[in-house]
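These notes are about the structure you will find just below.
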Amino acid sequence: TASIIPFVESNYRVKKDAASRAIAGLSMGGLETLEALITCPRMFKYVWVLSSGWFKNNPDAFKEYERRLNAAAPAIKKSVSQLVFTQGGPTDSAYENCKETLKLFDAAGISYESYLDGNARHSWPTWRRDLHNLAPRLFK
């Protein structure tokens, strides 16, 4: 995040404010999206995490993410206007991770939207549907 945005801004004609930036990721990309959110909480107004969440089965790392999220919470609350988590049901391999990650956001008092499709799987059709539903909401 810290290196790609300056590159884009210096090589393309783009708006340079958070209100003009969105980040989204699915599965492993969702973890990268969460990393960008807690590392640079003022950089994006729109943040979507699709079928992803921090790994609860790694308690040391999970605790560190909780600490970092709590530290970033005031900036996230002020800067991010659309924070969305989507996931499939129990057959989605990221289901439990997302569920546990949302508990951290709840505890930090960070508002978000969460969409659960109980029949969806950790697959492209799920993410295509998410993109179809979410893309029209950007930059409104």
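Every chain in the structure tokens takes a letter, A first, then B, and so on in the order presented; its residues are numbered from 1, and the ligands are numbered from 1 following the presented order.
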Members of chain A assigned alpha helix (DSSP H) by DSSP, as JSON, numbers by chain: {"A": [4, 5, 6, 7, 8, 9, 10, 11, 28, 29, 30, 31, 32, 33, 34, 35, 36, 37, 38, 39, 59, 60, 61, 62, 63, 64, 65, 66, 67, 68, 69, 70, 71, 72, 73, 74, 75, 76, 77, 78, 79, 95, 96, 97, 98, 99, 100, 101, 102, 103, 104, 105, 106, 107, 124, 125, 126, 127, 128, 129, 130, 131, 132, 133, 134]}
Would you save the residues of that selection, restricted to C-alpha atoms, as a PDB file, in the first residue's frame?
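Okay, again_33.pdb is ready:
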```pdb
ATOM      1  CA  ILE A   4       1.855   1.263  -4.918  1.00  0.00           C
ATOM      2  CA  ILE A   5      -0.215   4.378  -4.241  1.00  0.00           C
ATOM      3  CA  PRO A   6       2.687   6.834  -4.720  1.00  0.00           C
ATOM      4  CA  PHE A   7       3.587   4.956  -7.918  1.00  0.00           C
ATOM      5  CA  VAL A   8       0.042   5.227  -9.277  1.00  0.00           C
ATOM      6  CA  GLU A   9      -0.245   8.867  -8.252  1.00  0.00           C
ATOM      7  CA  SER A  10       3.018   9.790  -9.957  1.00  0.00           C
ATOM      8  CA  ASN A  11       2.293   7.866 -13.166  1.00  0.00           C
ATOM      9  CA  MET A  28      -5.770 -14.116   0.654  1.00  0.00           C
ATOM     10  CA  GLY A  29      -6.382 -10.700  -0.919  1.00  0.00           C
ATOM     11  CA  GLY A  30      -8.863 -10.082   1.885  1.00  0.00           C
ATOM     12  CA  LEU A  31      -6.027 -10.567   4.347  1.00  0.00           C
ATOM     13  CA  GLU A  32      -4.009  -8.004   2.396  1.00  0.00           C
ATOM     14  CA  THR A  33      -7.008  -5.666   2.514  1.00  0.00           C
ATOM     15  CA  LEU A  34      -7.215  -6.062   6.297  1.00  0.00           C
ATOM     16  CA  GLU A  35      -3.470  -5.396   6.535  1.00  0.00           C
ATOM     17  CA  ALA A  36      -3.839  -2.206   4.487  1.00  0.00           C
ATOM     18  CA  LEU A  37      -6.770  -1.124   6.653  1.00  0.00           C
ATOM     19  CA  ILE A  38      -4.922  -1.436   9.960  1.00  0.00           C
ATOM     20  CA  THR A  39      -1.615  -0.146   8.575  1.00  0.00           C
ATOM     21  CA  PRO A  59      -3.473 -17.247  18.645  1.00  0.00           C
ATOM     22  CA  ASP A  60      -0.299 -15.133  18.806  1.00  0.00           C
ATOM     23  CA  ALA A  61      -0.891 -13.550  15.407  1.00  0.00           C
ATOM     24  CA  PHE A  62      -4.622 -13.164  16.094  1.00  0.00           C
ATOM     25  CA  LYS A  63      -3.866 -11.319  19.340  1.00  0.00           C
ATOM     26  CA  GLU A  64      -1.426  -9.040  17.503  1.00  0.00           C
ATOM     27  CA  TYR A  65      -4.058  -8.238  14.859  1.00  0.00           C
ATOM     28  CA  GLU A  66      -6.485  -7.438  17.656  1.00  0.00           C
ATOM     29  CA  ARG A  67      -3.942  -5.039  19.192  1.00  0.00           C
ATOM     30  CA  ARG A  68      -3.260  -3.365  15.850  1.00  0.00           C
ATOM     31  CA  LEU A  69      -6.971  -3.108  15.033  1.00  0.00           C
ATOM     32  CA  ASN A  70      -7.685  -1.455  18.374  1.00  0.00           C
ATOM     33  CA  ALA A  71      -4.859   1.027  17.780  1.00  0.00           C
ATOM     34  CA  ALA A  72      -6.220   1.849  14.306  1.00  0.00           C
ATOM     35  CA  ALA A  73      -9.885   1.905  15.389  1.00  0.00           C
ATOM     36  CA  PRO A  74     -10.208   5.687  15.947  1.00  0.00           C
ATOM     37  CA  ALA A  75      -8.844   6.433  12.465  1.00  0.00           C
ATOM     38  CA  ILE A  76     -10.957   3.693  10.846  1.00  0.00           C
ATOM     39  CA  LYS A  77     -14.108   5.052  12.501  1.00  0.00           C
ATOM     40  CA  LYS A  78     -13.326   8.538  11.233  1.00  0.00           C
ATOM     41  CA  SER A  79     -12.077   7.733   7.725  1.00  0.00           C
ATOM     42  CA  TYR A  95     -16.177 -18.868   7.290  1.00  0.00           C
ATOM     43  CA  GLU A  96     -14.803 -19.350  10.819  1.00  0.00           C
ATOM     44  CA  ASN A  97     -11.939 -16.891  10.315  1.00  0.00           C
ATOM     45  CA  CYS A  98     -14.322 -14.170   9.155  1.00  0.00           C
ATOM     46  CA  LYS A  99     -16.725 -14.869  11.998  1.00  0.00           C
ATOM     47  CA  GLU A 100     -13.933 -14.520  14.571  1.00  0.00           C
ATOM     48  CA  THR A 101     -12.497 -11.423  12.866  1.00  0.00           C
ATOM     49  CA  LEU A 102     -15.882  -9.695  13.000  1.00  0.00           C
ATOM     50  CA  LYS A 103     -15.910 -10.239  16.764  1.00  0.00           C
ATOM     51  CA  LEU A 104     -12.728  -8.139  16.951  1.00  0.00           C
ATOM     52  CA  PHE A 105     -14.349  -5.352  14.943  1.00  0.00           C
ATOM     53  CA  ASP A 106     -17.403  -5.511  17.228  1.00  0.00           C
ATOM     54  CA  ALA A 107     -15.214  -5.299  20.336  1.00  0.00           C
ATOM     55  CA  TRP A 124     -15.395 -17.313  -8.120  1.00  0.00           C
ATOM     56  CA  PRO A 125     -19.200 -17.351  -8.507  1.00  0.00           C
ATOM     57  CA  THR A 126     -19.499 -16.057  -4.948  1.00  0.00           C
ATOM     58  CA  TRP A 127     -17.004 -13.249  -5.515  1.00  0.00           C
ATOM     59  CA  ARG A 128     -18.508 -12.291  -8.882  1.00  0.00           C
ATOM     60  CA  ARG A 129     -21.870 -11.891  -7.156  1.00  0.00           C
ATOM     61  CA  ASP A 130     -20.213  -9.803  -4.414  1.00  0.00           C
ATOM     62  CA  LEU A 131     -18.593  -7.539  -6.999  1.00  0.00           C
ATOM     63  CA  HIS A 132     -21.880  -7.195  -8.883  1.00  0.00           C
ATOM     64  CA  ASN A 133     -23.655  -6.170  -5.658  1.00  0.00           C
ATOM     65  CA  LEU A 134     -20.962  -3.876  -4.269  1.00  0.00           C
TER      66      LEU A 134
END
```
Spatial neighbours of Val49 (chain A), max dist 7 Å, only C-alpha atoms, sep filter under 6 positions, as a ChimeraX atom specification: /A:24-26,30,33,84-86
What does the file look like for those residues with N, CA and C atoms, as a PDB file, in the first residue's frame?
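Listing of result38.pdb after writing:
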```pdb
ATOM      1  N   ALA A  24     -10.250  -3.653  -2.054  1.00  0.00           N
ATOM      2  CA  ALA A  24     -11.032  -4.867  -1.856  1.00  0.00           C
ATOM      3  C   ALA A  24     -10.130  -6.060  -2.117  1.00  0.00           C
ATOM      4  N   GLY A  25     -10.446  -7.146  -1.461  1.00  0.00           N
ATOM      5  CA  GLY A  25      -9.695  -8.361  -1.698  1.00  0.00           C
ATOM      6  C   GLY A  25     -10.511  -9.569  -1.300  1.00  0.00           C
ATOM      7  N   LEU A  26     -10.239 -10.655  -1.984  1.00  0.00           N
ATOM      8  CA  LEU A  26     -10.942 -11.888  -1.683  1.00  0.00           C
ATOM      9  C   LEU A  26      -9.939 -12.956  -1.264  1.00  0.00           C
ATOM     10  N   GLY A  30      -8.124 -10.660   0.762  1.00  0.00           N
ATOM     11  CA  GLY A  30      -8.863 -10.082   1.885  1.00  0.00           C
ATOM     12  C   GLY A  30      -7.962  -9.862   3.082  1.00  0.00           C
ATOM     13  N   THR A  33      -6.124  -6.808   2.310  1.00  0.00           N
ATOM     14  CA  THR A  33      -7.008  -5.666   2.514  1.00  0.00           C
ATOM     15  C   THR A  33      -7.077  -5.307   3.988  1.00  0.00           C
ATOM     16  N   VAL A  84     -17.165  -3.420   4.388  1.00  0.00           N
ATOM     17  CA  VAL A  84     -18.064  -4.525   4.080  1.00  0.00           C
ATOM     18  C   VAL A  84     -17.303  -5.849   4.149  1.00  0.00           C
ATOM     19  N   PHE A  85     -17.911  -6.805   4.822  1.00  0.00           N
ATOM     20  CA  PHE A  85     -17.412  -8.180   4.856  1.00  0.00           C
ATOM     21  C   PHE A  85     -18.464  -9.066   4.206  1.00  0.00           C
ATOM     22  N   THR A  86     -18.025  -9.935   3.306  1.00  0.00           N
ATOM     23  CA  THR A  86     -18.936 -10.922   2.742  1.00  0.00           C
ATOM     24  C   THR A  86     -18.328 -12.296   2.978  1.00  0.00           C
TER      25      THR A  86
END
```
Pick from A:Ala108, A:Ala94, A:Ala22, A:Gly89, whichever lies nearest to Ala135 (chain A) using only C-alpha atoms: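 Checking each candidate against Ala135 (chain A), we get A:Ala22 as the closest.
Residues of region 33-118 of chain A that DSSP, applied to the backbone, places in strand (DSSP E): Tyr46, Val47, Trp48, Val49, Leu50, Gln82, Leu83, Val84, Phe85, Thr86, Gln87, Gly88, Glu113, Ser114, Tyr115, Leu116 and Asp117 of chain A.
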Take the selection from the previous step and output its residues with all heavy atoms, as a compact mmCIF listing (two decimals), in the first residue's frame.
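Once everything was written out, this is result_30.txt:
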```
# COMPACT_ATOMS: atom_id res chain seq x y z
N TYR A 46 -13.46 3.31 1.14
CA TYR A 46 -14.23 2.10 0.85
C TYR A 46 -13.33 0.88 1.03
O TYR A 46 -12.28 0.78 0.39
CB TYR A 46 -14.74 2.13 -0.59
CG TYR A 46 -15.56 3.36 -0.90
CD1 TYR A 46 -14.95 4.51 -1.39
CD2 TYR A 46 -16.93 3.38 -0.68
CE1 TYR A 46 -15.69 5.64 -1.67
CE2 TYR A 46 -17.68 4.51 -0.95
CZ TYR A 46 -17.05 5.64 -1.45
OH TYR A 46 -17.79 6.77 -1.72
N VAL A 47 -13.75 -0.04 1.87
CA VAL A 47 -12.96 -1.24 2.17
C VAL A 47 -13.89 -2.45 2.14
O VAL A 47 -14.88 -2.49 2.87
CB VAL A 47 -12.28 -1.13 3.55
CG1 VAL A 47 -11.47 -2.38 3.86
CG2 VAL A 47 -11.40 0.12 3.63
N TRP A 48 -13.55 -3.42 1.29
CA TRP A 48 -14.34 -4.65 1.20
C TRP A 48 -13.45 -5.86 1.44
O TRP A 48 -12.39 -6.00 0.84
CB TRP A 48 -14.95 -4.82 -0.18
CG TRP A 48 -15.82 -3.71 -0.67
CD1 TRP A 48 -16.43 -2.72 0.06
CD2 TRP A 48 -16.17 -3.46 -2.02
NE1 TRP A 48 -17.15 -1.89 -0.76
CE2 TRP A 48 -17.01 -2.33 -2.05
CE3 TRP A 48 -15.88 -4.09 -3.22
CZ2 TRP A 48 -17.54 -1.80 -3.23
CZ3 TRP A 48 -16.42 -3.58 -4.38
CH2 TRP A 48 -17.23 -2.45 -4.38
N VAL A 49 -13.88 -6.72 2.31
CA VAL A 49 -13.17 -7.96 2.63
C VAL A 49 -14.10 -9.11 2.24
O VAL A 49 -15.15 -9.28 2.85
CB VAL A 49 -12.80 -8.03 4.12
CG1 VAL A 49 -12.05 -9.31 4.43
CG2 VAL A 49 -11.98 -6.80 4.53
N LEU A 50 -13.72 -9.87 1.25
CA LEU A 50 -14.57 -10.93 0.73
C LEU A 50 -13.99 -12.30 1.08
O LEU A 50 -12.86 -12.61 0.70
CB LEU A 50 -14.72 -10.79 -0.79
CG LEU A 50 -15.30 -9.44 -1.23
CD1 LEU A 50 -14.22 -8.49 -1.68
CD2 LEU A 50 -16.31 -9.65 -2.33
N GLN A 82 -17.41 2.98 4.25
CA GLN A 82 -18.03 1.74 3.80
C GLN A 82 -17.07 0.59 4.04
O GLN A 82 -16.12 0.38 3.29
CB GLN A 82 -18.39 1.84 2.31
CG GLN A 82 -19.26 0.71 1.81
CD GLN A 82 -19.53 0.85 0.33
OE1 GLN A 82 -18.90 0.16 -0.46
NE2 GLN A 82 -20.43 1.74 -0.04
N LEU A 83 -17.32 -0.15 5.10
CA LEU A 83 -16.53 -1.34 5.44
C LEU A 83 -17.47 -2.52 5.32
O LEU A 83 -18.47 -2.61 6.04
CB LEU A 83 -15.97 -1.22 6.86
CG LEU A 83 -15.21 -2.42 7.41
CD1 LEU A 83 -14.01 -2.78 6.53
CD2 LEU A 83 -14.75 -2.13 8.84
N VAL A 84 -17.16 -3.42 4.39
CA VAL A 84 -18.06 -4.53 4.08
C VAL A 84 -17.30 -5.85 4.15
O VAL A 84 -16.21 -5.96 3.60
CB VAL A 84 -18.68 -4.36 2.67
CG1 VAL A 84 -19.59 -5.54 2.35
CG2 VAL A 84 -19.44 -3.04 2.56
N PHE A 85 -17.91 -6.80 4.82
CA PHE A 85 -17.41 -8.18 4.86
C PHE A 85 -18.46 -9.07 4.21
O PHE A 85 -19.65 -8.95 4.52
CB PHE A 85 -17.21 -8.65 6.30
CG PHE A 85 -16.07 -7.99 7.01
CD1 PHE A 85 -16.24 -6.77 7.62
CD2 PHE A 85 -14.82 -8.60 7.08
CE1 PHE A 85 -15.19 -6.15 8.29
CE2 PHE A 85 -13.76 -8.00 7.74
CZ PHE A 85 -13.95 -6.77 8.34
N THR A 86 -18.03 -9.94 3.31
CA THR A 86 -18.94 -10.92 2.74
C THR A 86 -18.33 -12.30 2.98
O THR A 86 -17.11 -12.45 3.08
CB THR A 86 -19.16 -10.72 1.23
OG1 THR A 86 -17.94 -10.99 0.53
CG2 THR A 86 -19.65 -9.32 0.92
N GLN A 87 -19.19 -13.28 3.07
CA GLN A 87 -18.70 -14.64 3.22
C GLN A 87 -19.78 -15.62 2.84
O GLN A 87 -20.97 -15.30 2.87
CB GLN A 87 -18.21 -14.92 4.63
CG GLN A 87 -19.30 -14.85 5.70
CD GLN A 87 -18.75 -15.10 7.08
OE1 GLN A 87 -17.63 -14.73 7.39
NE2 GLN A 87 -19.53 -15.73 7.92
N GLY A 88 -19.33 -16.80 2.48
CA GLY A 88 -20.27 -17.88 2.24
C GLY A 88 -20.64 -18.50 3.58
O GLY A 88 -20.26 -18.01 4.64
N GLU A 113 -20.69 -3.59 7.52
CA GLU A 113 -21.78 -4.37 6.98
C GLU A 113 -21.25 -5.78 6.76
O GLU A 113 -20.10 -5.95 6.37
CB GLU A 113 -22.23 -3.81 5.63
CG GLU A 113 -22.77 -2.41 5.68
CD GLU A 113 -23.01 -1.87 4.27
OE1 GLU A 113 -23.67 -2.57 3.48
OE2 GLU A 113 -22.51 -0.78 3.99
N SER A 114 -22.09 -6.75 7.00
CA SER A 114 -21.69 -8.14 6.79
C SER A 114 -22.78 -8.87 6.04
O SER A 114 -23.96 -8.78 6.40
CB SER A 114 -21.44 -8.81 8.15
OG SER A 114 -21.13 -10.17 7.97
N TYR A 115 -22.38 -9.55 4.99
CA TYR A 115 -23.32 -10.31 4.18
C TYR A 115 -22.90 -11.77 4.18
O TYR A 115 -21.77 -12.10 3.82
CB TYR A 115 -23.37 -9.76 2.75
CG TYR A 115 -23.85 -8.34 2.72
CD1 TYR A 115 -22.95 -7.28 2.65
CD2 TYR A 115 -25.20 -8.05 2.82
CE1 TYR A 115 -23.38 -5.97 2.66
CE2 TYR A 115 -25.66 -6.73 2.84
CZ TYR A 115 -24.74 -5.70 2.75
OH TYR A 115 -25.17 -4.40 2.76
N LEU A 116 -23.81 -12.61 4.58
CA LEU A 116 -23.58 -14.05 4.64
C LEU A 116 -24.51 -14.72 3.65
O LEU A 116 -25.72 -14.50 3.68
CB LEU A 116 -23.87 -14.56 6.06
CG LEU A 116 -23.91 -16.08 6.24
CD1 LEU A 116 -22.52 -16.67 6.01
CD2 LEU A 116 -24.40 -16.42 7.64
N ASP A 117 -23.94 -15.51 2.77
CA ASP A 117 -24.72 -16.32 1.86
C ASP A 117 -24.50 -17.77 2.28
O ASP A 117 -23.46 -18.35 2.00
CB ASP A 117 -24.30 -16.10 0.41
CG ASP A 117 -25.14 -16.90 -0.57
OD1 ASP A 117 -25.82 -17.85 -0.16
OD2 ASP A 117 -25.10 -16.55 -1.76
```
For Ala19 (chain A), the nearest of the candidates A:Ile110, A:Lys140, A:Ser123, A:Ser93, counting only C-alpha atoms: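 Going through A:Ile110, A:Lys140, A:Ser123, A:Ser93 one by one, the smallest distance to Ala19 (chain A) is for A:Lys140.
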Shell of 8 Å around Ser20 (chain A), only C-alpha atoms, local chain residues under 5 positions omitted, as a list in words: Lys15, Phe44, Lys45 and Phe139 of chain A
